[in-house]
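Visitor: Input target.csv, format and content: CSV, C-alpha atoms.
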```
chain,number,residue,atom,x,y,z
A,1,MET,CA,-12.4,39.6,28.3
A,2,ALA,CA,-13.1,38.1,24.9
A,3,PRO,CA,-14.6,34.6,24.7
A,4,PRO,CA,-12.5,31.7,23.4
A,5,LYS,CA,-12.5,31.4,19.6
A,6,THR,CA,-13.9,27.9,19.7
A,7,SER,CA,-16.3,26.1,22.1
A,8,ILE,CA,-15.1,22.8,20.7
A,9,SER,CA,-11.3,23.1,20.6
A,10,GLN,CA,-9.5,23.2,17.2
A,11,PRO,CA,-7.7,20.0,16.2
A,12,GLN,CA,-4.0,20.7,16.4
A,13,ASP,CA,-2.1,17.4,16.2
A,14,SER,CA,-2.5,13.6,16.3
A,15,HIS,CA,-2.8,13.7,20.1
A,16,VAL,CA,-5.7,16.0,20.0
A,17,ALA,CA,-7.3,13.9,17.2
A,18,LEU,CA,-6.9,10.7,19.2
A,19,SER,CA,-8.3,12.4,22.3
A,20,ASN,CA,-11.4,13.6,20.3
A,21,LEU,CA,-11.9,10.1,18.9
A,22,LEU,CA,-11.7,8.4,22.2
A,23,ALA,CA,-13.9,11.0,23.8
A,24,SER,CA,-16.6,10.8,21.1
A,25,SER,CA,-16.6,7.0,21.2
A,26,THR,CA,-17.0,6.9,25.0
A,27,ALA,CA,-19.8,9.5,24.7
A,28,ALA,CA,-21.6,7.5,22.1
A,29,LEU,CA,-21.6,4.3,24.2
A,30,ALA,CA,-22.7,6.1,27.3
A,31,SER,CA,-25.5,8.0,25.5
A,32,ARG,CA,-26.9,5.0,23.7
A,33,LEU,CA,-26.9,2.7,26.7
A,34,CYS,CA,-28.7,5.3,28.8
A,35,THR,CA,-31.3,6.4,26.3
A,36,HIS,CA,-32.1,3.6,24.0
A,37,PRO,CA,-35.4,2.7,25.7
A,38,LEU,CA,-36.7,6.2,25.1
A,39,ASP,CA,-35.6,5.9,21.4
A,40,THR,CA,-37.6,2.6,21.1
A,41,VAL,CA,-40.7,4.3,22.7
A,42,LYS,CA,-40.4,7.3,20.2
A,43,THR,CA,-40.0,5.0,17.2
A,44,ARG,CA,-43.1,3.0,18.1
A,45,ILE,CA,-45.2,6.0,18.7
A,46,GLN,CA,-44.1,7.5,15.3
A,47,VAL,CA,-45.1,4.4,13.3
A,48,SER,CA,-48.3,3.9,15.1
A,49,ASN,CA,-51.5,4.8,13.3
A,50,SER,CA,-53.2,5.6,16.6
A,51,PRO,CA,-53.2,9.3,17.3
A,52,HIS,CA,-53.6,8.6,21.0
A,53,GLN,CA,-50.6,6.3,21.5
A,54,GLY,CA,-49.2,7.3,24.9
A,55,LEU,CA,-45.7,7.3,26.3
A,56,ILE,CA,-46.4,5.3,29.4
A,57,PRO,CA,-48.6,2.6,27.7
A,58,THR,CA,-46.0,2.2,25.0
A,59,PHE,CA,-43.3,1.8,27.6
A,60,VAL,CA,-45.3,-0.7,29.6
A,61,GLU,CA,-46.0,-2.7,26.5
A,62,LEU,CA,-42.2,-2.8,25.7
A,63,VAL,CA,-41.4,-3.9,29.2
A,64,ARG,CA,-43.9,-6.8,29.1
A,65,ALA,CA,-42.6,-7.9,25.7
A,66,ARG,CA,-39.0,-7.5,26.9
A,67,ALA,CA,-38.3,-5.3,23.9
A,68,VAL,CA,-37.0,-2.2,25.6
A,69,TYR,CA,-33.5,-2.7,24.2
A,70,ARG,CA,-34.5,-4.1,20.8
A,71,GLY,CA,-32.0,-2.9,18.2
A,72,LEU,CA,-29.3,-2.0,20.8
A,73,PRO,CA,-26.5,-4.1,19.4
A,74,ILE,CA,-26.5,-2.6,15.9
A,75,ALA,CA,-27.0,0.8,17.5
A,76,LEU,CA,-23.9,0.5,19.6
A,77,VAL,CA,-21.8,-0.9,16.7
A,78,LEU,CA,-22.7,2.0,14.3
A,79,SER,CA,-23.3,4.9,16.7
A,80,VAL,CA,-19.7,4.9,17.9
A,81,PRO,CA,-18.2,5.6,14.4
A,82,GLY,CA,-21.2,7.7,13.6
A,83,LEU,CA,-20.8,10.1,16.5
A,84,SER,CA,-17.0,10.1,16.1
A,85,VAL,CA,-17.3,11.2,12.5
A,86,TYR,CA,-20.0,13.7,13.4
A,87,LEU,CA,-18.1,15.5,16.2
A,88,THR,CA,-14.7,15.2,14.6
A,89,THR,CA,-15.9,16.4,11.2
A,90,TYR,CA,-17.6,19.4,13.0
A,91,ASP,CA,-14.3,20.3,14.6
A,92,LEU,CA,-12.4,20.0,11.4
A,93,ALA,CA,-14.9,21.8,9.3
A,94,LYS,CA,-15.1,24.7,11.8
A,95,ASP,CA,-11.4,25.1,11.8
A,96,ARG,CA,-10.9,24.8,8.0
A,97,LEU,CA,-13.7,27.2,7.2
A,98,SER,CA,-12.2,29.8,9.5
A,99,ARG,CA,-8.8,29.4,7.8
A,100,GLN,CA,-10.1,29.4,4.2
A,101,PHE,CA,-12.9,31.9,4.2
A,102,LYS,CA,-12.8,35.4,5.5
A,103,GLY,CA,-15.7,36.2,7.8
A,104,PHE,CA,-16.1,32.5,8.8
A,105,GLY,CA,-14.4,32.8,12.2
A,106,THR,CA,-14.9,29.9,14.6
A,107,ASP,CA,-17.1,32.2,16.7
A,108,THR,CA,-19.6,33.0,13.9
A,109,VAL,CA,-23.1,31.5,13.6
A,110,HIS,CA,-22.8,30.8,9.8
A,111,ASN,CA,-19.6,28.8,10.5
A,112,HIS,CA,-21.4,26.8,13.1
A,113,MET,CA,-24.4,26.1,10.9
A,114,LEU,CA,-22.3,25.2,7.8
A,115,SER,CA,-20.0,23.0,9.9
A,116,GLY,CA,-23.0,21.2,11.4
A,117,MET,CA,-24.3,20.6,7.9
A,118,ILE,CA,-21.0,19.1,6.7
A,119,ALA,CA,-20.8,16.9,9.8
A,120,GLU,CA,-24.3,15.5,9.3
A,121,VAL,CA,-23.8,14.7,5.6
A,122,CYS,CA,-20.6,12.7,6.4
A,123,SER,CA,-21.9,10.9,9.5
A,124,GLY,CA,-25.1,10.0,7.8
A,125,LEU,CA,-23.2,7.2,6.1
A,126,PHE,CA,-23.2,5.5,9.5
A,127,TRP,CA,-26.5,6.8,10.9
A,128,THR,CA,-28.7,5.7,8.0
A,129,PRO,CA,-27.9,1.9,8.1
A,130,MET,CA,-28.1,2.0,11.8
A,131,GLU,CA,-31.6,3.6,11.8
A,132,ILE,CA,-32.9,1.2,9.2
A,133,LEU,CA,-31.8,-2.0,11.1
A,134,LYS,CA,-32.5,-0.6,14.6
A,135,SER,CA,-35.9,0.9,13.8
A,136,LYS,CA,-37.0,-2.3,12.0
A,137,GLN,CA,-36.2,-4.3,15.0
A,138,GLN,CA,-37.7,-1.8,17.4
A,139,VAL,CA,-41.2,-2.1,15.8
A,140,GLU,CA,-41.3,-5.8,15.6
A,141,ASN,CA,-44.1,-7.5,17.6
A,142,MET,CA,-46.2,-4.4,17.9
A,143,SER,CA,-49.8,-4.8,18.6
A,144,SER,CA,-51.7,-5.0,15.3
A,145,GLY,CA,-54.4,-2.7,16.7
A,146,ASN,CA,-52.0,0.2,16.3
A,147,TYR,CA,-52.2,0.0,12.6
A,148,SER,CA,-54.6,0.6,9.8
A,149,SER,CA,-55.7,-2.5,7.8
A,150,THR,CA,-53.4,-1.5,5.0
A,151,THR,CA,-50.4,-1.1,7.2
A,152,ALA,CA,-51.0,-4.2,9.2
A,153,ALA,CA,-51.2,-6.2,6.1
A,154,GLY,CA,-47.8,-5.4,4.8
A,155,ALA,CA,-46.2,-2.1,5.9
A,156,ALA,CA,-43.6,-2.1,8.6
A,157,GLY,CA,-44.4,1.2,9.4
A,158,ARG,CA,-37.4,6.4,11.7
A,159,SER,CA,-35.4,6.9,14.4
A,160,ALA,CA,-36.0,9.4,15.3
A,161,SER,CA,-35.3,9.3,16.5
A,162,SER,CA,-36.6,7.7,14.0
A,163,PRO,CA,-37.8,8.2,11.1
A,164,ALA,CA,-45.7,2.5,9.0
A,165,ALA,CA,-45.0,-0.4,11.0
A,166,SER,CA,-46.7,-3.8,11.4
A,167,ASN,CA,-46.7,-6.8,13.6
A,168,VAL,CA,-43.9,-9.3,13.5
A,169,SER,CA,-45.2,-11.2,10.5
A,170,SER,CA,-45.1,-8.1,8.3
A,171,SER,CA,-41.6,-7.2,9.6
A,172,ILE,CA,-40.2,-10.3,7.9
A,173,PRO,CA,-40.5,-10.5,4.1
A,174,SER,CA,-42.3,-13.5,2.6
A,175,THR,CA,-40.8,-15.3,-0.4
A,176,SER,CA,-43.9,-14.6,-2.4
A,177,SER,CA,-47.2,-12.8,-2.1
A,178,SER,CA,-49.0,-16.2,-1.7
A,179,THR,CA,-47.0,-17.4,1.3
A,180,SER,CA,-49.2,-19.7,3.3
A,181,SER,CA,-50.3,-19.0,6.8
A,182,SER,CA,-48.4,-22.1,8.1
A,183,THR,CA,-45.2,-20.6,6.8
A,184,THR,CA,-46.0,-17.3,8.4
A,185,SER,CA,-46.6,-18.9,11.7
A,186,THR,CA,-43.1,-20.4,11.7
A,187,ILE,CA,-41.5,-16.9,11.6
A,188,PRO,CA,-39.5,-16.3,14.8
A,189,LYS,CA,-40.8,-13.7,17.2
A,190,TYR,CA,-37.8,-11.5,16.7
A,191,THR,CA,-35.3,-11.2,13.8
A,192,SER,CA,-31.6,-11.1,14.5
A,193,THR,CA,-29.6,-8.2,13.1
A,194,MET,CA,-27.6,-10.5,10.8
A,195,SER,CA,-30.8,-12.1,9.5
A,196,LEU,CA,-32.4,-8.8,8.9
A,197,ALA,CA,-29.3,-7.4,7.2
A,198,ARG,CA,-29.2,-10.5,4.9
A,199,GLN,CA,-32.9,-10.1,3.9
A,200,ILE,CA,-32.4,-6.4,3.1
A,201,TYR,CA,-29.3,-7.1,1.0
A,202,GLN,CA,-31.1,-9.9,-0.9
A,203,GLN,CA,-34.1,-7.9,-1.7
A,204,GLU,CA,-32.8,-4.3,-1.9
A,205,GLY,CA,-29.1,-4.7,-2.5
A,206,PHE,CA,-26.5,-2.6,-0.8
A,207,LEU,CA,-28.5,0.6,-1.4
A,208,GLY,CA,-31.2,-0.9,0.7
A,209,PHE,CA,-29.2,0.1,3.8
A,210,TYR,CA,-29.3,3.7,2.7
A,211,ARG,CA,-33.1,3.8,2.1
A,212,GLY,CA,-34.1,7.3,3.2
A,213,TYR,CA,-30.6,8.8,3.3
A,214,PHE,CA,-31.7,12.0,1.6
A,215,ILE,CA,-34.8,12.4,3.7
A,216,THR,CA,-32.6,11.7,6.7
A,217,LEU,CA,-30.5,14.6,5.7
A,218,GLY,CA,-33.7,16.6,5.3
A,219,VAL,CA,-34.4,15.9,9.0
A,220,PHE,CA,-30.9,16.1,10.5
A,221,VAL,CA,-29.2,18.8,8.4
A,222,PRO,CA,-31.6,21.4,9.7
A,223,TYR,CA,-31.4,19.9,13.1
A,224,SER,CA,-27.6,20.0,13.2
A,225,MET,CA,-27.5,23.5,11.9
A,226,ILE,CA,-30.0,24.8,14.5
A,227,TYR,CA,-28.4,22.7,17.3
A,228,PHE,CA,-24.8,23.8,16.8
A,229,ALA,CA,-25.7,27.5,16.2
A,230,ALA,CA,-27.8,27.5,19.4
A,231,TYR,CA,-25.3,25.3,21.4
A,232,GLU,CA,-22.3,27.5,20.5
A,233,GLN,CA,-24.1,30.7,21.3
A,234,LEU,CA,-25.4,29.4,24.6
A,235,LYS,CA,-21.9,28.3,25.5
A,236,ASP,CA,-20.5,31.7,24.6
A,237,MET,CA,-23.1,33.4,26.8
A,238,ALA,CA,-22.3,31.0,29.6
A,239,TRP,CA,-18.6,31.5,29.2
A,240,ARG,CA,-18.9,35.3,29.3
A,241,LYS,CA,-21.1,35.2,32.4
A,242,LEU,CA,-18.8,32.9,34.3
A,243,HIS,CA,-15.6,34.6,33.4
A,244,SER,CA,-16.8,38.1,34.0
A,245,SER,CA,-17.1,37.4,37.7
A,246,LYS,CA,-14.5,38.8,40.1
A,247,ARG,CA,-14.0,35.4,41.7
A,248,ASP,CA,-13.0,33.9,38.3
A,249,LYS,CA,-10.4,36.7,37.7
A,250,ASN,CA,-8.9,36.0,41.1
A,251,ASN,CA,-8.7,32.3,40.4
A,252,ARG,CA,-6.7,33.0,37.2
A,253,LEU,CA,-4.4,35.4,39.0
A,254,ALA,CA,-3.8,32.7,41.6
A,255,GLY,CA,-2.2,30.4,39.0
A,256,GLN,CA,-5.2,28.6,37.4
A,257,ASP,CA,-4.3,26.5,34.3
A,258,PRO,CA,-4.9,28.9,31.4
A,259,GLN,CA,-6.6,26.1,29.4
A,260,GLU,CA,-9.2,25.8,32.1
A,261,GLU,CA,-10.4,29.3,31.2
A,262,HIS,CA,-11.8,27.9,28.0
A,263,VAL,CA,-13.6,25.0,29.7
A,264,LEU,CA,-17.1,25.4,31.0
A,265,PRO,CA,-18.2,23.5,34.1
A,266,PHE,CA,-19.7,20.1,33.3
A,267,PHE,CA,-23.3,21.1,34.3
A,268,ALA,CA,-23.1,24.3,32.2
A,269,ILE,CA,-22.3,22.2,29.2
A,270,MET,CA,-25.2,19.9,30.0
A,271,GLY,CA,-27.6,22.9,30.2
A,272,CYS,CA,-26.4,24.4,26.9
A,273,ALA,CA,-26.7,21.0,25.1
A,274,ALA,CA,-30.2,20.3,26.6
A,275,VAL,CA,-31.7,23.7,25.6
A,276,ALA,CA,-30.2,23.6,22.1
A,277,CYS,CA,-31.3,20.0,21.5
A,278,GLY,CA,-34.8,20.6,22.7
A,279,VAL,CA,-35.4,23.5,20.3
A,280,ALA,CA,-33.8,21.6,17.3
A,281,ALA,CA,-35.5,18.3,18.0
A,282,GLY,CA,-39.0,19.9,18.2
A,283,ILE,CA,-38.6,21.8,14.9
A,284,SER,CA,-37.2,18.8,13.0
A,285,ASN,CA,-39.8,16.3,14.2
A,286,ILE,CA,-42.2,17.2,11.4
A,287,VAL,CA,-40.0,15.5,8.8
A,288,ASP,CA,-38.7,12.8,11.2
A,289,VAL,CA,-42.2,11.2,11.3
A,290,VAL,CA,-42.2,10.7,7.6
A,291,LYS,CA,-38.6,9.4,7.6
A,292,THR,CA,-39.3,6.9,10.3
A,293,ARG,CA,-42.3,5.4,8.5
A,294,TRP,CA,-40.4,5.4,5.2
A,295,GLN,CA,-37.3,3.5,6.6
A,296,THR,CA,-39.3,1.0,8.7
A,297,SER,CA,-41.4,0.1,5.6
A,298,ILE,CA,-38.4,-1.6,4.0
A,299,LEU,CA,-39.0,-5.2,2.9
A,300,SER,CA,-42.8,-4.7,3.2
A,301,THR,CA,-43.7,-1.7,1.1
A,302,THR,CA,-47.3,-1.1,0.2
A,303,GLU,CA,-49.0,1.5,-2.0
A,304,ASP,CA,-49.4,3.8,1.0
A,305,THR,CA,-45.7,3.6,1.9
A,306,SER,CA,-44.2,3.5,-1.6
A,307,SER,CA,-42.9,7.0,-1.4
A,308,THR,CA,-42.3,9.7,1.2
A,309,ARG,CA,-45.0,11.8,-0.6
A,310,ARG,CA,-47.6,9.1,-0.1
A,311,ILE,CA,-46.6,8.7,3.5
A,312,ALA,CA,-47.0,12.4,4.1
A,313,THR,CA,-50.4,12.4,2.4
A,314,GLN,CA,-51.6,9.5,4.5
A,315,LEU,CA,-50.5,11.2,7.7
A,316,PHE,CA,-52.3,14.4,6.7
A,317,ARG,CA,-55.5,12.4,6.0
A,318,GLN,CA,-55.3,10.7,9.4
A,319,GLY,CA,-55.1,13.8,11.5
A,320,GLY,CA,-54.1,16.9,9.6
A,321,PHE,CA,-50.9,18.8,10.5
A,322,ALA,CA,-51.2,17.4,14.1
A,323,SER,CA,-50.1,14.0,12.7
A,324,PHE,CA,-46.7,15.4,11.9
A,325,THR,CA,-46.2,16.2,15.6
A,326,ARG,CA,-46.7,12.5,16.5
A,327,GLY,CA,-44.0,11.3,18.8
A,328,MET,CA,-42.6,14.9,19.3
A,329,GLY,CA,-42.7,14.6,23.1
A,330,ALA,CA,-41.1,11.2,23.0
A,331,ARG,CA,-38.5,12.4,20.6
A,332,ILE,CA,-37.5,15.4,22.7
A,333,MET,CA,-37.5,13.2,25.8
A,334,TRP,CA,-35.1,10.8,24.1
A,335,MET,CA,-32.9,13.3,22.2
A,336,VAL,CA,-32.4,15.8,25.0
A,337,PRO,CA,-30.8,13.3,27.5
A,338,SER,CA,-29.0,11.5,24.6
A,339,VAL,CA,-27.4,14.7,23.3
A,340,THR,CA,-26.8,16.1,26.8
A,341,ILE,CA,-25.0,12.9,27.9
A,342,SER,CA,-23.0,12.6,24.6
A,343,MET,CA,-21.9,16.2,24.4
A,344,SER,CA,-21.1,16.8,28.0
A,345,THR,CA,-19.1,13.5,28.1
A,346,PHE,CA,-17.3,14.4,24.9
A,347,GLU,CA,-16.5,17.9,26.0
A,348,TRP,CA,-15.3,16.9,29.4
A,349,LEU,CA,-13.2,14.0,28.3
A,350,LYS,CA,-11.6,16.0,25.5
A,351,ALA,CA,-10.9,19.0,27.7
A,352,HIS,CA,-9.2,16.7,30.3
A,353,GLY,CA,-7.0,14.9,27.7
A,354,LEU,CA,-8.5,11.4,27.6
A,355,ALA,CA,-5.9,10.1,25.2
A,356,GLY,CA,-3.0,11.4,27.3
A,357,ALA,CA,-4.5,9.8,30.4
A,358,LEU,CA,-4.8,6.4,28.7
A,359,ALA,CA,-1.4,6.7,27.3
A,360,SER,CA,0.1,7.4,30.7
```
In structure tokens, write the structure found in this file.

Guide:
Amino acid sequence: MAPPKTSISQPQDSHVALSNLLASSTAALASRLCTHPLDTVKTRIQVSNSPHQGLIPTFVELVRARAVYRGLPIALVLSVPGLSVYLTTYDLAKDRLSRQFKGFGTDTVHNHMLSGMIAEVCSGLFWTPMEILKSKQQVENMSSGNYSSTTAAGAAGRSASSPAASNVSSSIPSTSSSTSSSTTSTIPKYTSTMSLARQIYQQEGFLGFYRGYFITLGVFVPYSMIYFAAYEQLKDMAWRKLHSSKRDKNNRLAGQDPQEEHVLPFFAIMGCAAVACGVAAGISNIVDVVKTRWQTSILSTTEDTSSTRRIATQLFRQGGFASFTRGMGARIMWMVPSVTISMSTFEWLKAHGLAGALAS
């Protein structure tokens, strides 16, 4: 039997579009709530100047500082539209490409890769502001010992995710370079999202919220292309294996819903998403380290963090190519469960008609 032409169903009408929107929104909320602490650990490790910054010590420090969920509110607000645009655009692009271009069938690797690229470019309009605000809050109140003297003096330096950082005093911009120590001591321990957004707008303008947009694409366009190509192929392999069994044939003959033939079991989807994400996250981590430092240095840029080229040069001087793998383990540990939860939730809810269930 031939596999289904799509592993994420093609949008057909407004009901399907609404179902996809609701499914992706639910997936975004579930994923972020469950994995945000791992994202915070990853971000702190990536901006640290210590090559031996460990996962467990970093997490313990976060727990003691009650900072495990720093940046969560803005992450929730923007990750919902971000993931909705990401997954919906992927669906639409895959369908349109197959209709407009010969040889770009919905089961082809080049369709999956190009659709993933289009989805990332569009959703980046939400992801980039989220990463800047979230990451800046996540690195507040870090131990000054984690930084070089240059960084501790003024650099705040993501996602990961995220695309160096400084202690809390360097996370808040001073009104002038000669701000007195008494003024610095009055700075609150943590900055609210609105206060941080106001400061960025006042000093950088609207474009400040898109600092690192293109380097973000440099991280996540390759990630999305690798991820969707691997994910769709793994799902295709899983589908063929499951539906080639005699038991499956008997189930269909017994009156199984035909649409169920195109739906993988929940745990099969989880497995495909986890493997594809692990590969893509590991490969794209090299650029993600630079992106994280570049984005978190906003409001407190120094000579070493004045450009992505200087950041990359500084990283190389600190530890050679190994510096670009900093936080890779934490990034994979965060992204794999995050993507697994979001994709499996999205696929399952969409396949079972979430919009129809709510409407009824």

Visitor: Which residue is closest to A:Arg317? Choose from A:Ser31, A:Ser297, A:Asn20, A:Asn49 and count only C-alpha atoms.

Guide: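 Among A:Ser31, A:Ser297, A:Asn20, A:Asn49, it is A:Asn49 that comes nearest to A:Arg317.
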
Visitor: Atom CA of A:Ser115 and atom CA of A:Leu97, how far apart in Å?

Guide: 8.0 Å

Visitor: What's the separation between atom CA of A:Ala280 and atom CA of A:Tyr223, in Å to one decimal place?

Guide: 5.1 Å

Visitor: Name the closest residue to A:Val47 among the candidates A:Thr345, A:Gln295, A:Gln202, A:Thr108; distances are taken between atoms, counting only C-alpha atoms.

Guide: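 Residue with the minimum atom-to-atom distance to A:Val47: A:Gln295.
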
Visitor: Counting only C-alpha atoms, figure out which residue out of A:Ile269, A:Glu303, A:Val60, A:Ile298 gets nearest to A:Tyr201.

Guide: A:Ile298

Visitor: Identify, on the basis of only C-alpha atoms, every residue whose closest approach to A:Thr128 does not exceed 10 Å; exclude the query and any residue fewer than 3 positions from it along the same chain; express the result as an mmCIF file with C-alpha atoms, keeping the file's coordinate frame.

Guide:
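Ended up saving to part.cif:
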```cif
data_model
loop_
_atom_site.group_PDB
_atom_site.id
_atom_site.type_symbol
_atom_site.label_atom_id
_atom_site.label_comp_id
_atom_site.auth_asym_id
_atom_site.auth_seq_id
_atom_site.Cartn_x
_atom_site.Cartn_y
_atom_site.Cartn_z
ATOM 1 C CA LEU A 78 -22.700 2.000 14.300
ATOM 2 C CA GLY A 82 -21.200 7.700 13.600
ATOM 3 C CA SER A 123 -21.900 10.900 9.500
ATOM 4 C CA GLY A 124 -25.100 10.000 7.800
ATOM 5 C CA LEU A 125 -23.200 7.200 6.100
ATOM 6 C CA GLU A 131 -31.600 3.600 11.800
ATOM 7 C CA ILE A 132 -32.900 1.200 9.200
ATOM 8 C CA LEU A 133 -31.800 -2.000 11.100
ATOM 9 C CA LYS A 134 -32.500 -0.600 14.600
ATOM 10 C CA ARG A 158 -37.400 6.400 11.700
ATOM 11 C CA SER A 159 -35.400 6.900 14.400
ATOM 12 C CA PRO A 163 -37.800 8.200 11.100
ATOM 13 C CA PHE A 209 -29.200 0.100 3.800
ATOM 14 C CA TYR A 210 -29.300 3.700 2.700
ATOM 15 C CA ARG A 211 -33.100 3.800 2.100
ATOM 16 C CA GLY A 212 -34.100 7.300 3.200
ATOM 17 C CA TYR A 213 -30.600 8.800 3.300
ATOM 18 C CA PHE A 214 -31.700 12.000 1.600
ATOM 19 C CA THR A 216 -32.600 11.700 6.700
ATOM 20 C CA LEU A 217 -30.500 14.600 5.700
ATOM 21 C CA GLN A 295 -37.300 3.500 6.600
#
```

Visitor: So how many Å separate atom CA of A:Trp334 and atom CA of A:Ala274, to one decimal?

Guide: 11.0 Å

Visitor: Out of A:Ile45, A:Val279, A:Ile215, A:Met270, which residue has the shortest atom-to-atom distance to A:Ser342 when counting all atoms listed in the file?

Guide: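 Smallest separation from A:Ser342 among the options: A:Met270.
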